[in-house]
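This report refers to the structure that appears directly beneath it.
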Amino acid sequence: MTIKKYLDFRLLGLVGSILLIISQFLSWFSGLSLLTIYILTTSVAIEDSFLYLFPLICGIICLVGNLVVIYNIEYKINSVIINFIGLGFFLIFIIEIIPRELLYIPYAEIGFYFSIVGSILIFFDILNILLTKHE
Amino acid sequence: MSTGTIYHHLDTLSSLIEQQDDKKYYLTELGLHAYTSLIDNKDTIITPEFSKKEFNSPILKGLMHLTPKTYINYENKRTYSVMIFSILIALIGSIFCGLNGLFPFFLFFAESLTIFTTSEIIIQFLLAFLFIGNILLYFLINEGLSRVIYKKKENTLKFLASFAIIFFPLDIYLVLRFILTSTGSLDFSYIRVLDNVLMILFQVWSLWLLTYNLSINKKLKIENSLIVSLLVHYGGFSIILLISI
């Protein structure tokens, strides 16, 4: 495929991780970013406020995983395992947050969509890494 | 190489090659079959999975240390001991799943789904049975995907006998969680975060055991085993998300 000559699909994961990190600082609900929500919930001592940091943690871990495979494709199994750990944080965040904020999902703002797109890109990046054959 | 050594090797291969009248060696019928089989399955036969560099990395070294290899890659004469070990893991998991009042789904546990009061003993029994059912369902889906995607139909019973072993890390998680719950530590937000982190780490360990089991017993390449694990894990996540919504 000609497109493969010009585009390294390993960049999918890199873009996904960056989107997830950026999403932490963009508005999610009522113009508030996740970081702001985290600070607010921590200040009023609401339980599980740490959950709001999980997309950022996921983005950072997956970024490390992707840098590993971009550095050397031979480390692809390591990269996939690091990505599994990273995505685990995002899954826990989604499972805990979505039911809690269900009513507000239709009004979710750009940060929410950035994080969803980011996680999907990371998922496809893992598949791409596993399907890539190296000499 | 000395003539003696060559004759030794030829003797070892005696069922695969034969000398014919022209004094040349040819493949026997079995030899031809073995050769064709190797050529046909070149892409799917389990290979030395990792490059040496990758294998020496701390992550894979650590995971290989945590893998009960003798219970997954076992000989037929040890089938019963492996089965007993598997059943033990399933039973311990089901007891602690019931005691914790968690709803099991693949490698996930959803607290928010326990809509009943967990003090009721019937509900605890139900959750314990669900844990066993979950293992069987998870096995069927993995077996099905291996058959559908990679046409791997062999070793189904061997795979089943050792399948519950992949839940070993989750047993440890359930025991730890039970300790945290019964000591009241889970009421602290930091401990709840720790609980989430522990679940993620034990899930990844379980996923690794599943990958290893698939590659050993279903003869899948490690990359293909990881694809099956990935598809089932995130497929399960999507379902649990839809249910919780």
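Naming scheme: A, B, ... for chains in displayed order of the structure tokens; residues 1 onward per chain; ligands 1 onward as shown.
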Output as number ranges by chain the set of chain A residues within 9 Å of chain B, with distances taken over only C-alpha atoms.
A: 45-51, 74-78, 80-82, 84-86, 88-89, 91-92, 94-96, 98-99, 102, 123, 126-127, 129-131
All residues 6 Å or closer to region 26-38 of chain A, only C-alpha atoms, same chain fewer than 6 positions away omitted, as a ChimeraX atom specification
/A:49,52,108-109,111-112
Residues just named, written with N, CA and C atoms as an mmCIF file, in the first residue's frame:
data_model
loop_
_atom_site.group_PDB
_atom_site.id
_atom_site.type_symbol
_atom_site.label_atom_id
_atom_site.label_comp_id
_atom_site.auth_asym_id
_atom_site.auth_seq_id
_atom_site.Cartn_x
_atom_site.Cartn_y
_atom_site.Cartn_z
ATOM 1 N N SER A 49 -12.158 11.353 43.862
ATOM 2 C CA SER A 49 -11.772 12.482 43.010
ATOM 3 C C SER A 49 -10.573 12.120 42.137
ATOM 4 N N TYR A 52 -10.723 11.319 38.326
ATOM 5 C CA TYR A 52 -10.700 12.338 37.279
ATOM 6 C C TYR A 52 -9.306 12.544 36.686
ATOM 7 N N ALA A 108 -21.994 16.641 26.860
ATOM 8 C CA ALA A 108 -20.534 16.560 27.029
ATOM 9 C C ALA A 108 -19.846 17.439 25.992
ATOM 10 N N GLU A 109 -18.716 18.001 26.399
ATOM 11 C CA GLU A 109 -18.007 18.928 25.507
ATOM 12 C C GLU A 109 -16.771 18.271 24.893
ATOM 13 N N GLY A 111 -13.640 17.826 25.373
ATOM 14 C CA GLY A 111 -12.694 16.978 26.110
ATOM 15 C C GLY A 111 -13.124 15.521 26.115
ATOM 16 N N PHE A 112 -14.428 15.305 26.310
ATOM 17 C CA PHE A 112 -14.971 13.944 26.338
ATOM 18 C C PHE A 112 -14.708 13.249 24.998
#
Residue neighbourhood Ile61 (chain A), 7 Å, only C-alpha atoms, exclusion window fewer than 3 positions, as a tab-separated table (two decimals) with C-alpha atoms, in the first residue's frame:
chain	number	residue	atom	x	y	z
A	57	ILE	CA	-2.46	8.78	33.70
A	58	CYS	CA	-3.70	6.59	30.83
A	64	VAL	CA	5.51	5.63	27.09
A	65	GLY	CA	4.26	2.39	25.48
A	82	ILE	CA	2.26	-1.14	28.74
A	83	ASN	CA	-0.70	-0.04	26.59
A	86	GLY	CA	-2.66	2.41	30.35
So which bits of region 3-97 of chain B end up alpha helix (DSSP H) when you DSSP the backbone, as a PyMOL selection string?
chain B and resi 3-12+29-40+52-55+58-65+69-72+79-97
For the strand (DSSP E or B) assignment from backbone DSSP, which residues of region 24-145 of chain B qualify? Please present them as a ChimeraX atom specification.
/B:25-27,103-105,108-110
Atoms kept (C-alpha atoms) for selection, written as a CSV table (one decimal), in the first residue's frame:
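What follows is the written file selection.csv:
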chain,number,residue,atom,x,y,z
B,25,TYR,CA,18.2,-40.1,0.4
B,26,TYR,CA,14.5,-39.2,-0.1
B,27,LEU,CA,11.7,-38.1,2.2
B,103,PHE,CA,-20.6,-9.0,39.8
B,104,PRO,CA,-18.0,-10.8,37.6
B,105,PHE,CA,-17.9,-10.2,33.9
B,108,PHE,CA,-14.0,-7.2,35.3
B,109,PHE,CA,-15.8,-6.9,38.6
B,110,ALA,CA,-18.5,-4.3,38.7
With a distance cut-off of 10 Å and only C-alpha atoms, select the neighbouring residues of Phe124 (chain A), excluding the residue or stretch itself and same-chain residues fewer than 6 positions from it, and output the selection as a list in words.
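The residues that qualify are Phe9, Arg10, Leu12, Gly13, Gly16 and Leu130 of chain A.
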For region 64-78 of chain B, list every protein, DNA or RNA residue within 9 Å, evaluated using only C-alpha atoms, and leave out those in the same chain fewer than 2 positions away; present the list as a tab-separated table (two decimals) with C-alpha atoms, in the first residue's frame.
chain	number	residue	atom	x	y	z
B	59	ILE	CA	8.48	-6.45	31.91
B	60	LEU	CA	8.55	-9.79	30.09
B	61	LYS	CA	11.07	-11.30	32.48
B	62	GLY	CA	8.83	-10.30	35.38
B	80	TYR	CA	-5.50	-34.42	36.86
B	81	SER	CA	-3.23	-32.32	39.05
B	82	VAL	CA	-3.71	-29.37	36.68
B	83	MET	CA	-7.48	-29.86	36.79
B	85	PHE	CA	-5.43	-26.74	40.67
B	86	SER	CA	-7.84	-25.10	38.20
B	158	LYS	CA	-6.20	-29.29	27.51
B	159	PHE	CA	-7.06	-25.60	27.16
B	161	ALA	CA	-8.32	-27.99	32.01
B	162	SER	CA	-5.85	-25.15	32.51
B	163	PHE	CA	-8.19	-22.28	31.70
B	165	ILE	CA	-5.50	-20.74	36.03
B	205	TRP	CA	-1.46	-10.28	34.72
B	208	TRP	CA	-0.89	-12.28	30.09
B	209	LEU	CA	-1.75	-15.74	31.47
B	212	TYR	CA	0.40	-17.57	27.31
B	213	ASN	CA	-2.26	-20.27	27.63
B	216	ILE	CA	0.83	-22.92	24.38
B	217	ASN	CA	-2.39	-24.89	24.17
Please list as a PyMOL selection string every residue within 12 Å of Leu10 (chain B), counting only C-alpha atoms and excluding residues in the same chain fewer than 5 positions away.
chain B and resi 3-5+15-19+25-27
Taking 5 positions as the minimum chain separation for residues in the same chain, which residues sit within 8 Å of region 176-184 of chain B when counting only C-alpha atoms? Answer as an MDAnalysis selection string.
chainID B and resid 96 99:100 195
How would the residues just picked look written out with N, CA and C atoms as a compact mmCIF listing (two decimals), in the first residue's frame?
# COMPACT_ATOMS: atom_id res chain seq x y z
N PHE B 96 -14.77 -15.82 47.20
CA PHE B 96 -14.44 -14.42 47.52
C PHE B 96 -15.23 -13.43 46.67
N LEU B 99 -18.36 -13.22 48.65
CA LEU B 99 -18.15 -12.47 49.90
C LEU B 99 -17.99 -10.98 49.66
N ASN B 100 -17.35 -10.63 48.53
CA ASN B 100 -17.16 -9.21 48.20
C ASN B 100 -18.42 -8.59 47.61
N ASP B 195 -7.22 0.33 45.24
CA ASP B 195 -8.02 -0.83 44.83
C ASP B 195 -8.18 -0.86 43.31
With distances taken over only C-alpha atoms, which of B:Leu160, B:Ala90, B:Ile239, B:Gly144 is nearest to Ala128 (chain B)?
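Using only C-alpha atoms, the shortest distance to Ala128 (chain B) belongs to B:Ala90.
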